[in-house]
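Participant: Just entry_10.cif, nothing more (mmCIF, C-alpha atoms):
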data_work
loop_
_atom_site.group_PDB
_atom_site.id
_atom_site.type_symbol
_atom_site.label_atom_id
_atom_site.label_comp_id
_atom_site.auth_asym_id
_atom_site.auth_seq_id
_atom_site.Cartn_x
_atom_site.Cartn_y
_atom_site.Cartn_z
ATOM 1 C CA MET A 12 0.000 0.000 0.000
ATOM 2 C CA LEU A 13 2.889 2.370 0.779
ATOM 3 C CA SER A 14 4.633 1.623 -2.487
ATOM 4 C CA TRP A 15 1.435 1.875 -4.528
ATOM 5 C CA SER A 16 0.069 5.008 -2.904
ATOM 6 C CA SER A 17 3.390 6.853 -2.892
ATOM 7 C CA HIS A 18 3.995 6.185 -6.586
ATOM 8 C CA GLN A 19 0.500 7.381 -7.403
ATOM 9 C CA ASP A 20 1.061 10.374 -5.145
ATOM 10 C CA GLY A 21 4.248 11.289 -7.016
ATOM 11 C CA THR A 22 6.484 10.838 -3.959
ATOM 12 C CA PRO A 23 7.849 7.283 -4.301
ATOM 13 C CA ALA A 24 8.673 6.057 -0.815
ATOM 14 C CA ASP A 25 11.718 4.109 0.306
ATOM 15 C CA ILE A 26 10.149 0.823 1.333
ATOM 16 C CA ASP A 27 13.311 -0.257 3.159
ATOM 17 C CA ALA A 28 12.545 2.352 5.819
ATOM 18 C CA LEU A 29 9.661 0.154 6.948
ATOM 19 C CA ALA A 30 12.076 -2.621 7.806
ATOM 20 C CA THR A 31 14.817 -0.529 9.367
ATOM 21 C CA GLY A 32 12.897 2.386 10.850
ATOM 22 C CA ALA A 33 15.776 4.567 9.656
ATOM 23 C CA GLY A 34 15.607 7.673 7.477
ATOM 24 C CA ASP A 35 12.437 9.389 6.387
ATOM 25 C CA ALA A 36 11.272 7.018 3.636
ATOM 26 C CA GLY A 37 11.388 9.997 1.293
ATOM 27 C CA LEU A 38 8.197 11.446 2.740
ATOM 28 C CA PRO A 39 7.564 14.757 4.517
ATOM 29 C CA HIS A 40 7.810 14.217 8.290
ATOM 30 C CA GLY A 41 8.727 10.609 7.489
ATOM 31 C CA ALA A 42 11.416 10.285 10.166
ATOM 32 C CA ALA A 43 9.168 11.684 12.886
ATOM 33 C CA LEU A 44 6.305 9.441 11.754
ATOM 34 C CA LEU A 45 8.500 6.336 11.843
ATOM 35 C CA ALA A 46 9.752 7.245 15.318
ATOM 36 C CA PHE A 47 6.194 7.860 16.536
ATOM 37 C CA ALA A 48 4.932 4.540 15.145
ATOM 38 C CA GLU A 49 7.862 2.718 16.716
ATOM 39 C CA ALA A 50 7.297 4.377 20.095
ATOM 40 C CA ILE A 51 3.584 3.520 19.996
ATOM 41 C CA ALA A 52 4.520 -0.097 19.370
ATOM 42 C CA GLY A 53 6.828 -0.082 22.386
ATOM 43 C CA TRP A 54 6.237 0.204 26.122
ATOM 44 C CA ASP A 55 8.574 3.057 27.033
ATOM 45 C CA ASP A 56 6.302 5.941 28.008
ATOM 46 C CA ASP A 57 9.166 8.448 28.043
ATOM 47 C CA ALA A 58 10.206 7.468 24.524
ATOM 48 C CA LEU A 59 6.586 7.771 23.407
ATOM 49 C CA ALA A 60 6.267 11.231 24.928
ATOM 50 C CA ALA A 61 9.448 12.344 23.165
ATOM 51 C CA ALA A 62 8.341 10.947 19.806
ATOM 52 C CA ARG A 63 4.914 12.545 20.210
ATOM 53 C CA ALA A 64 6.440 15.941 21.019
ATOM 54 C CA ARG A 65 8.819 15.712 18.059
ATOM 55 C CA LEU A 66 6.004 14.972 15.619
ATOM 56 C CA GLU A 67 3.744 17.625 17.113
ATOM 57 C CA ASP A 68 6.536 20.230 16.964
ATOM 58 C CA THR A 69 7.305 19.532 13.329
ATOM 59 C CA ALA A 70 3.861 18.777 11.881
ATOM 60 C CA GLY A 71 1.297 20.078 14.361
ATOM 61 C CA GLU A 72 -1.124 18.617 16.869
ATOM 62 C CA ALA A 73 -3.813 17.597 14.351
ATOM 63 C CA PHE A 74 -1.223 15.722 12.297
ATOM 64 C CA MET A 75 0.043 13.890 15.391
ATOM 65 C CA ILE A 76 -3.493 12.969 16.441
ATOM 66 C CA ASP A 77 -4.342 11.589 13.010
ATOM 67 C CA ALA A 78 -1.099 9.611 12.950
ATOM 68 C CA ALA A 79 -2.070 8.116 16.325
ATOM 69 C CA ALA A 80 -5.490 7.211 14.919
ATOM 70 C CA VAL A 81 -3.893 5.385 11.998
ATOM 71 C CA ALA A 82 -1.623 3.518 14.412
ATOM 72 C CA ALA A 83 -4.635 2.577 16.544
ATOM 73 C CA ASN A 84 -6.333 1.248 13.438
ATOM 74 C CA PHE A 85 -3.417 -1.049 12.729
ATOM 75 C CA GLU A 86 -3.237 -2.192 16.323
ATOM 76 C CA MET A 87 -6.739 -3.382 15.458
ATOM 77 C CA MET A 88 -6.211 -4.745 11.957
ATOM 78 C CA THR A 89 -3.077 -6.714 12.850
ATOM 79 C CA ARG A 90 -5.063 -8.476 15.577
ATOM 80 C CA VAL A 91 -7.981 -9.117 13.224
ATOM 81 C CA ALA A 92 -5.590 -10.733 10.757
ATOM 82 C CA ASP A 93 -3.617 -12.725 13.327
ATOM 83 C CA GLY A 94 -6.681 -13.676 15.365
ATOM 84 C CA THR A 95 -8.632 -15.089 12.437
ATOM 85 C CA GLY A 96 -5.786 -16.631 10.474
ATOM 86 C CA ALA A 97 -6.239 -14.194 7.605
ATOM 87 C CA ARG A 98 -4.106 -15.064 4.611
ATOM 88 C CA HIS A 99 -3.710 -14.058 0.998
ATOM 89 C CA PRO A 100 -4.704 -16.277 -1.909
ATOM 90 C CA ALA A 101 -1.803 -18.387 -3.156
ATOM 91 C CA GLU A 102 -1.345 -16.346 -6.325
ATOM 92 C CA ALA A 103 -1.082 -13.117 -4.310
ATOM 93 C CA LEU A 104 1.397 -14.696 -1.895
ATOM 94 C CA GLU A 105 3.774 -15.477 -4.721
ATOM 95 C CA ALA A 106 3.610 -11.893 -5.941
ATOM 96 C CA ARG A 107 4.353 -10.615 -2.410
ATOM 97 C CA ARG A 108 7.277 -12.927 -1.711
ATOM 98 C CA ALA A 109 9.957 -10.538 -3.005
ATOM 99 C CA LEU A 110 8.616 -7.649 -0.954
ATOM 100 C CA ALA A 111 8.317 -9.820 2.155
ATOM 101 C CA ALA A 112 11.938 -10.917 1.750
ATOM 102 C CA ARG A 113 13.052 -7.312 1.304
ATOM 103 C CA LEU A 114 11.334 -6.379 4.552
ATOM 104 C CA GLY A 115 12.981 -9.283 6.346
ATOM 105 C CA MET A 116 9.706 -11.108 6.936
ATOM 106 C CA VAL A 117 10.716 -14.278 5.088
ATOM 107 C CA GLU A 118 13.930 -15.702 3.691
ATOM 108 C CA GLY A 119 14.796 -14.592 0.184
ATOM 109 C CA PRO A 120 14.593 -16.931 -2.783
ATOM 110 C CA MET B 5 -18.523 -3.657 24.137
ATOM 111 C CA VAL B 6 -19.802 -4.598 27.566
ATOM 112 C CA ALA B 7 -23.381 -5.307 26.522
ATOM 113 C CA PRO B 8 -24.382 -8.915 25.780
ATOM 114 C CA GLY B 9 -22.936 -10.301 22.567
ATOM 115 C CA ALA B 10 -23.924 -13.167 20.321
ATOM 116 C CA ARG B 11 -22.704 -15.831 22.722
ATOM 117 C CA PHE B 12 -21.278 -14.029 25.760
ATOM 118 C CA THR B 13 -22.862 -12.027 28.560
ATOM 119 C CA GLY B 14 -21.858 -8.423 29.068
ATOM 120 C CA ALA B 15 -19.963 -9.427 32.208
ATOM 121 C CA LEU B 16 -17.808 -11.936 30.321
ATOM 122 C CA ARG B 17 -17.205 -9.493 27.474
ATOM 123 C CA ARG B 18 -16.043 -6.947 30.044
ATOM 124 C CA GLU B 19 -13.698 -9.492 31.602
ATOM 125 C CA ILE B 20 -12.278 -10.312 28.154
ATOM 126 C CA ALA B 21 -11.778 -6.611 27.510
ATOM 127 C CA GLU B 22 -10.002 -6.116 30.846
ATOM 128 C CA VAL B 23 -7.646 -9.011 30.158
ATOM 129 C CA ALA B 24 -6.783 -7.703 26.683
ATOM 130 C CA ILE B 25 -6.151 -4.153 27.895
ATOM 131 C CA ALA B 26 -3.953 -5.353 30.768
ATOM 132 C CA ALA B 27 -1.986 -7.570 28.396
ATOM 133 C CA ALA B 28 -1.497 -4.807 25.837
ATOM 134 C CA LEU B 29 -0.206 -2.349 28.441
ATOM 135 C CA ASP B 30 1.857 -4.723 30.601
ATOM 136 C CA PRO B 31 5.525 -3.650 30.504
ATOM 137 C CA ASP B 32 6.650 -7.165 31.471
ATOM 138 C CA PRO B 33 4.050 -9.709 30.334
ATOM 139 C CA PRO B 34 4.238 -13.502 30.445
ATOM 140 C CA PRO B 35 5.520 -15.070 27.213
ATOM 141 C CA PRO B 36 3.007 -16.113 24.549
ATOM 142 C CA TRP B 37 2.984 -19.801 25.385
ATOM 143 C CA VAL B 38 1.841 -19.136 28.956
ATOM 144 C CA ARG B 39 -1.888 -19.384 29.618
ATOM 145 C CA PRO B 40 -2.310 -17.105 32.624
ATOM 146 C CA TYR B 41 -6.013 -17.709 33.159
ATOM 147 C CA GLY B 42 -6.563 -21.409 32.502
ATOM 148 C CA ASP B 43 -9.661 -20.399 30.559
ATOM 149 C CA PRO B 44 -9.749 -20.604 26.754
ATOM 150 C CA ALA B 45 -11.577 -17.313 26.171
ATOM 151 C CA LEU B 46 -9.439 -15.314 28.600
ATOM 152 C CA ASP B 47 -6.202 -16.936 27.478
ATOM 153 C CA LEU B 48 -7.106 -16.026 23.904
ATOM 154 C CA ALA B 49 -7.819 -12.450 25.004
ATOM 155 C CA PHE B 50 -4.390 -12.309 26.667
ATOM 156 C CA ARG B 51 -2.514 -13.710 23.689
ATOM 157 C CA LEU B 52 -4.392 -11.612 21.165
ATOM 158 C CA GLY B 53 -3.931 -8.528 23.314
ATOM 159 C CA ARG B 54 -0.180 -8.919 23.577
ATOM 160 C CA HIS B 55 1.256 -11.662 21.369
ATOM 161 C CA ALA B 56 -1.143 -11.701 18.424
ATOM 162 C CA GLY B 57 1.550 -12.538 15.900
ATOM 163 C CA THR B 58 2.186 -15.871 17.630
ATOM 164 C CA ILE B 59 -1.365 -17.205 17.249
ATOM 165 C CA THR B 60 -1.520 -20.255 15.010
ATOM 166 C CA GLU B 61 -4.225 -22.376 13.466
ATOM 167 C CA GLN B 62 -2.997 -25.263 15.610
ATOM 168 C CA TRP B 63 -3.638 -23.242 18.762
ATOM 169 C CA TYR B 64 -7.081 -22.318 17.446
ATOM 170 C CA GLU B 65 -7.856 -26.006 16.956
ATOM 171 C CA GLN B 66 -6.495 -26.784 20.414
ATOM 172 C CA LEU B 67 -8.806 -24.288 22.123
ATOM 173 C CA VAL B 68 -11.774 -25.473 20.055
ATOM 174 C CA THR B 69 -10.969 -29.027 21.137
ATOM 175 C CA GLU B 70 -10.971 -27.797 24.732
ATOM 176 C CA GLY B 71 -14.520 -26.549 24.258
ATOM 177 C CA LEU B 72 -14.278 -22.994 22.965
ATOM 178 C CA HIS B 73 -16.842 -22.794 20.156
ATOM 179 C CA PRO B 74 -15.468 -21.308 16.900
ATOM 180 C CA LEU B 75 -17.995 -18.478 17.130
ATOM 181 C CA GLU B 76 -16.921 -17.825 20.713
ATOM 182 C CA TRP B 77 -13.383 -17.481 19.369
ATOM 183 C CA VAL B 78 -14.688 -14.935 16.846
ATOM 184 C CA GLU B 79 -16.496 -13.053 19.601
ATOM 185 C CA VAL B 80 -13.339 -12.850 21.713
ATOM 186 C CA VAL B 81 -11.517 -11.435 18.695
ATOM 187 C CA GLY B 82 -14.367 -8.971 18.145
ATOM 188 C CA VAL B 83 -14.211 -7.714 21.726
ATOM 189 C CA VAL B 84 -10.424 -7.441 21.858
ATOM 190 C CA ILE B 85 -9.978 -5.652 18.555
ATOM 191 C CA ALA B 86 -12.690 -3.122 19.364
ATOM 192 C CA VAL B 87 -11.698 -2.337 22.927
ATOM 193 C CA LEU B 88 -7.965 -1.870 22.388
ATOM 194 C CA PRO B 89 -7.866 0.927 19.771
ATOM 195 C CA PRO B 90 -9.408 3.649 21.979
ATOM 196 C CA VAL B 91 -7.043 2.736 24.818
ATOM 197 C CA LEU B 92 -3.950 2.608 22.618
ATOM 198 C CA PHE B 93 -4.971 5.791 20.812
ATOM 199 C CA ALA B 94 -5.318 7.602 24.151
ATOM 200 C CA ARG B 95 -1.893 6.371 25.244
ATOM 201 C CA ALA B 96 -0.390 7.460 21.931
ATOM 202 C CA VAL B 97 -1.690 11.029 22.163
ATOM 203 C CA GLY B 98 -0.983 11.337 25.898
ATOM 204 C CA ALA B 99 -4.614 11.456 27.016
ATOM 205 C CA PRO B 100 -6.068 9.673 30.063
ATOM 206 C CA LEU B 101 -6.905 6.067 29.276
ATOM 207 C CA PRO B 102 -10.650 5.455 28.884
ATOM 208 C CA GLN B 103 -12.265 3.243 31.489
ATOM 209 C CA LEU B 104 -14.723 0.455 30.792
ATOM 210 C CA PRO B 105 -18.297 1.090 31.948
ATOM 211 C CA PRO B 106 -20.136 -1.495 34.057
ATOM 212 C CA ALA B 107 -21.357 -4.509 32.143
ATOM 213 C CA ALA B 108 -24.944 -4.469 30.905
ATOM 214 C CA ASP B 109 -27.220 -7.233 32.119
ATOM 215 C CA GLY B 110 -29.053 -9.680 29.935
ATOM 216 C CA PRO B 111 -28.523 -12.910 28.047
ATOM 217 C CA PRO B 112 -26.508 -13.293 24.848
ATOM 218 C CA HIS B 113 -28.542 -12.102 21.850
ATOM 219 C CA GLY B 114 -27.549 -14.866 19.460
ATOM 220 C CA ARG B 115 -27.206 -12.743 16.337
ATOM 221 C CA GLU B 116 -25.069 -14.747 13.913
ATOM 222 C CA ALA B 117 -24.750 -14.990 10.153
ATOM 223 C CA GLU B 118 -27.637 -16.916 8.642
ATOM 224 C CA GLU B 119 -25.284 -19.356 6.981
ATOM 225 C CA LEU B 120 -21.689 -20.093 7.880
ATOM 226 C CA ALA B 121 -18.908 -21.364 5.673
ATOM 227 C CA ARG B 122 -15.402 -22.702 6.210
ATOM 228 C CA PRO B 123 -13.108 -20.391 4.232
ATOM 229 C CA MET B 124 -9.763 -21.029 2.608
ATOM 230 C CA LEU B 125 -8.501 -17.576 3.630
ATOM 231 C CA ASN B 126 -9.169 -17.671 7.399
ATOM 232 C CA PHE B 127 -9.178 -20.411 10.018
ATOM 233 C CA VAL B 128 -12.392 -19.157 11.625
ATOM 234 C CA PRO B 129 -15.844 -19.681 10.121
ATOM 235 C CA VAL B 130 -17.260 -16.783 8.115
ATOM 236 C CA ALA B 131 -20.601 -15.821 6.611
ATOM 237 C CA ALA B 132 -21.376 -17.751 3.453
ATOM 238 C CA PRO B 133 -20.326 -17.527 0.711
ATOM 239 C CA ALA B 134 -16.674 -17.611 1.784
ATOM 240 C CA ASP B 135 -13.653 -16.111 0.074
ATOM 241 C CA ARG B 136 -15.539 -13.674 -2.139
ATOM 242 C CA THR B 137 -13.845 -10.751 -0.345
ATOM 243 C CA ALA B 138 -10.446 -10.208 1.261
ATOM 244 C CA SER B 139 -9.716 -12.348 4.292
ATOM 245 C CA VAL B 140 -9.633 -9.394 6.698
ATOM 246 C CA VAL B 141 -12.959 -8.182 5.339
ATOM 247 C CA GLN B 142 -14.719 -11.511 5.860
ATOM 248 C CA ALA B 143 -12.838 -12.264 9.097
ATOM 249 C CA LEU B 144 -15.591 -11.330 11.584
ATOM 250 C CA SER B 145 -18.551 -11.731 9.240
ATOM 251 C CA ALA B 146 -19.900 -14.722 11.179
ATOM 252 C CA LEU B 147 -20.960 -12.258 13.896
ATOM 253 C CA PRO B 148 -22.513 -9.188 12.239
ATOM 254 C CA ASP B 149 -22.330 -6.971 15.340
ATOM 255 C CA GLU B 150 -18.584 -7.548 15.706
ATOM 256 C CA TRP B 151 -18.115 -6.949 11.982
ATOM 257 C CA ASP B 152 -19.995 -3.639 12.266
ATOM 258 C CA ASN B 153 -17.829 -2.519 15.198
ATOM 259 C CA LEU B 154 -14.667 -3.287 13.256
ATOM 260 C CA TRP B 155 -15.604 -1.265 10.206
ATOM 261 C CA ARG B 156 -17.013 1.669 12.173
ATOM 262 C CA LEU B 157 -13.677 1.911 13.953
ATOM 263 C CA ALA B 158 -11.761 1.611 10.674
ATOM 264 C CA GLN B 159 -13.824 4.434 9.194
ATOM 265 C CA ALA B 160 -13.033 6.693 12.158
ATOM 266 C CA GLN B 161 -9.346 5.843 12.519
ATOM 267 C CA TYR B 162 -8.227 5.202 8.971
ATOM 268 C CA MET B 163 -10.690 5.350 6.090
ATOM 269 C CA GLY B 164 -13.840 3.712 4.828
ATOM 270 C CA ASP B 165 -13.529 0.673 2.590
ATOM 271 C CA ARG B 166 -14.828 2.677 -0.384
ATOM 272 C CA ASP B 167 -11.844 5.034 -0.095
ATOM 273 C CA MET B 168 -9.164 2.349 0.060
ATOM 274 C CA ASP B 169 -8.729 2.146 -3.696
ATOM 275 C CA ASP B 170 -7.927 5.865 -3.895
ATOM 276 C CA PRO B 171 -4.143 6.356 -3.459
ATOM 277 C CA LEU B 172 -4.604 10.112 -3.142
ATOM 278 C CA TRP B 173 -7.216 9.957 -0.377
ATOM 279 C CA SER B 174 -6.134 11.993 2.634
ATOM 280 C CA ARG B 175 -7.338 12.485 6.175
ATOM 281 C CA GLY B 176 -6.761 16.189 5.612
ATOM 282 C CA THR B 177 -3.535 16.016 7.547
ATOM 283 C CA LEU B 178 -1.547 12.924 6.618
ATOM 284 C CA SER B 179 -1.281 12.006 2.942
ATOM 285 C CA ARG B 180 -2.080 8.435 2.002
ATOM 286 C CA PRO B 181 1.627 7.472 1.779
ATOM 287 C CA GLN B 182 2.216 8.965 5.232
ATOM 288 C CA MET B 183 -0.690 6.925 6.583
ATOM 289 C CA GLU B 184 0.709 3.766 5.009
ATOM 290 C CA LEU B 185 4.149 4.507 6.459
ATOM 291 C CA VAL B 186 2.699 4.490 9.983
ATOM 292 C CA ALA B 187 0.575 1.431 9.202
ATOM 293 C CA GLY B 188 3.437 -0.496 7.672
ATOM 294 C CA ARG B 189 6.000 0.216 10.373
ATOM 295 C CA LEU B 190 3.613 -0.635 13.205
ATOM 296 C CA SER B 191 2.415 -3.815 11.483
ATOM 297 C CA LEU B 192 5.995 -4.958 10.911
ATOM 298 C CA ILE B 193 6.960 -4.363 14.533
ATOM 299 C CA ARG B 194 3.864 -6.332 15.568
ATOM 300 C CA GLU B 195 5.132 -9.128 13.304
ATOM 301 C CA CYS B 196 1.867 -9.253 11.397
ATOM 302 C CA PHE B 197 2.756 -11.166 8.260
ATOM 303 C CA PHE B 198 -0.540 -10.331 6.589
#
Would you put the structure from the file into structure tokens?
Facilitator:
Amino acid sequence: MLSWSSHQDGTPADIDALATGAGDAGLPHGAALLAFAEAIAGWDDDALAAARARLEDTAGEAFMIDAAAVAANFEMMTRVADGTGARHPAEALEARRALAARLGMVEGP
Amino acid sequence: MVAPGARFTGALRREIAEVAIAAALDPDPPPPWVRPYGDPALDLAFRLGRHAGTITEQWYEQLVTEGLHPLEWVEVVGVVIAVLPPVLFARAVGAPLPQLPPAADGPPHGREAEELARPMLNFVPVAAPADRTASVVQALSALPDEWDNLWRLAQAQYMGDRDMDDPLWSRGTLSRPQMELVAGRLSLIRECFF
């Protein structure tokens, strides 16, 4: 979705940033967004407060709140997928294998 | 979330919600293979709340063998996935965490899909016909109330399903690629292969 939407948007994103959390993925506020998402996924409240303040300082409160809403949505969707055994059709899995390997989710071919 | 569901009372749904919230926020939780409650529904709530990426079809079959009905499994998932987002959103923005209201009395309402099917794309039963939509879309369709909760939350937090095919859709703040950056990084850290 990131690759597709960013190409359509005219700002092709660096997909590798998803795997490493480093850099800004080539997107405005990308570094602060990655840090915020990572802090939300962790359990260090001080780190979360710092990441929140950084994003709010650079992009504004409304931006930070919407980013938190998106993160909350994927706290939900990941559990829907994992809790119901959601999987892709076999033909789609094959097409996704290269991307999954690039993100370190599976071994490469 | 704490009113009676298809198969559970409001009191049990509240207990499931409490377990999931505690698991999600615990700085030092038990590992995923531990079953802290000795109760299939509550142990599922714990594991889904904290170690969702470790849930397997084999464990699903194990709990069903122990007596947890497949639709009870779906209801636990429905409760957990709906109760966690407001709590985790509040934590993310630095707001006070919302508290659960008292459970509503009454028996389970029994609302389930008219016909169930065993899908290829999920290990839980879904509303028939199966596999005509994406696996995450049909995932909770066996219990229409849980399905409705899921997609109301998605509309509020992310976007409606009709907007998903538009790569330029924006929340007015984040662009679509910025939204997907947050979604992708969080999903990877949560080890959600899907």
Participant: Once you count only C-alpha atoms, which residues of chain B turn out to be within 8 Å of chain A? Could you give them as a PyMOL selection string?
Facilitator: chain B and resi 29-31+52-53+56-61+78+81+85-86+88-90+92-93+96-98+125-128+138-140+143-144+157-158+161-162+171-172+175+177-178+180-194+196-198
Participant: Enumerate, as a list in words, the residues matched when the PyMOL selection byres ((chain B and resi 44) around 10) is run on the file above.
Facilitator: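 Against this file, the PyMOL selection byres ((chain B and resi 44) around 10) returns the residues Arg39, Tyr41, Gly42, Asp43, Ala45, Leu46, Asp47, Leu48, Ala49, Phe50, Tyr64, Gln66, Leu67, Val68, Glu70, Gly71, Leu72, His73, Glu76, Trp77 and Val80 of chain B.
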Participant: Fewer than 4 positions away in the same chain doesn't count, so skip those; otherwise give me all residues within 6 Å of region 101-116 of chain B, counting all atoms listed in the file, as a PyMOL selection string.
Facilitator: chain B and resi 6-15+91+94+146-147
Participant: Would you work out the distance separating CA of Ala121 (chain B) from CA of Asp135 (chain B), expressed in Å to one decimal?
Facilitator: 9.3 Å
Participant: To one decimal place in Å, what is the distance between CA of Ala43 (chain A) and CA of Asp68 (chain A)?
Facilitator: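 According to the coordinates, CA of Ala43 (chain A) and CA of Asp68 (chain A) are separated by 9.8 Å.
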Participant: Report, in Å with one decimal, the straight-line distance from CA of Gly34 (chain A) to CA of Thr69 (chain A).
Facilitator: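 Pair CA of Gly34 (chain A) / CA of Thr69 (chain A) returns 15.6 Å.
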Participant: Find the residues around Ala28 (chain B) up to 7 Å (all atoms listed in the file counted), leave out those fewer than 3 positions away in its own chain, and share them as JSON, numbers by chain.
Facilitator: {"B": [24, 25, 53, 54]}
Participant: Just add N, CA and C atoms to region 15-26 of chain A and send it as a PDB file, keeping the file's coordinate frame.
Facilitator:
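Below is the file that was written, rebuild.pdb:
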ATOM      1  N   TRP A  15       2.478   1.511  -3.552  1.00  0.00           N
ATOM      2  CA  TRP A  15       1.435   1.875  -4.528  1.00  0.00           C
ATOM      3  C   TRP A  15       0.992   3.314  -4.349  1.00  0.00           C
ATOM      4  N   SER A  16       0.629   3.673  -3.121  1.00  0.00           N
ATOM      5  CA  SER A  16       0.069   5.008  -2.904  1.00  0.00           C
ATOM      6  C   SER A  16       1.117   6.093  -3.118  1.00  0.00           C
ATOM      7  N   SER A  17       2.369   5.804  -2.746  1.00  0.00           N
ATOM      8  CA  SER A  17       3.390   6.853  -2.892  1.00  0.00           C
ATOM      9  C   SER A  17       3.753   7.068  -4.357  1.00  0.00           C
ATOM     10  N   HIS A  18       3.746   6.006  -5.155  1.00  0.00           N
ATOM     11  CA  HIS A  18       3.995   6.185  -6.586  1.00  0.00           C
ATOM     12  C   HIS A  18       2.857   6.984  -7.227  1.00  0.00           C
ATOM     13  N   GLN A  19       1.644   6.659  -6.860  1.00  0.00           N
ATOM     14  CA  GLN A  19       0.500   7.381  -7.403  1.00  0.00           C
ATOM     15  C   GLN A  19       0.502   8.837  -6.945  1.00  0.00           C
ATOM     16  N   ASP A  20       1.018   9.048  -5.741  1.00  0.00           N
ATOM     17  CA  ASP A  20       1.061  10.374  -5.145  1.00  0.00           C
ATOM     18  C   ASP A  20       2.200  11.220  -5.720  1.00  0.00           C
ATOM     19  N   GLY A  21       3.115  10.570  -6.438  1.00  0.00           N
ATOM     20  CA  GLY A  21       4.248  11.289  -7.016  1.00  0.00           C
ATOM     21  C   GLY A  21       5.420  11.448  -6.071  1.00  0.00           C
ATOM     22  N   THR A  22       5.379  10.787  -4.920  1.00  0.00           N
ATOM     23  CA  THR A  22       6.484  10.838  -3.959  1.00  0.00           C
ATOM     24  C   THR A  22       6.888   9.416  -3.612  1.00  0.00           C
ATOM     25  N   PRO A  23       7.517   8.696  -4.547  1.00  0.00           N
ATOM     26  CA  PRO A  23       7.849   7.283  -4.301  1.00  0.00           C
ATOM     27  C   PRO A  23       8.610   7.097  -2.996  1.00  0.00           C
ATOM     28  N   ALA A  24       8.084   6.239  -2.141  1.00  0.00           N
ATOM     29  CA  ALA A  24       8.673   6.057  -0.815  1.00  0.00           C
ATOM     30  C   ALA A  24       9.757   4.993  -0.835  1.00  0.00           C
ATOM     31  N   ASP A  25      10.672   5.108   0.101  1.00  0.00           N
ATOM     32  CA  ASP A  25      11.718   4.109   0.306  1.00  0.00           C
ATOM     33  C   ASP A  25      11.147   3.022   1.210  1.00  0.00           C
ATOM     34  N   ILE A  26      10.800   1.900   0.590  1.00  0.00           N
ATOM     35  CA  ILE A  26      10.149   0.823   1.333  1.00  0.00           C
ATOM     36  C   ILE A  26      11.069   0.255   2.415  1.00  0.00           C
TER      37      ILE A  26
END
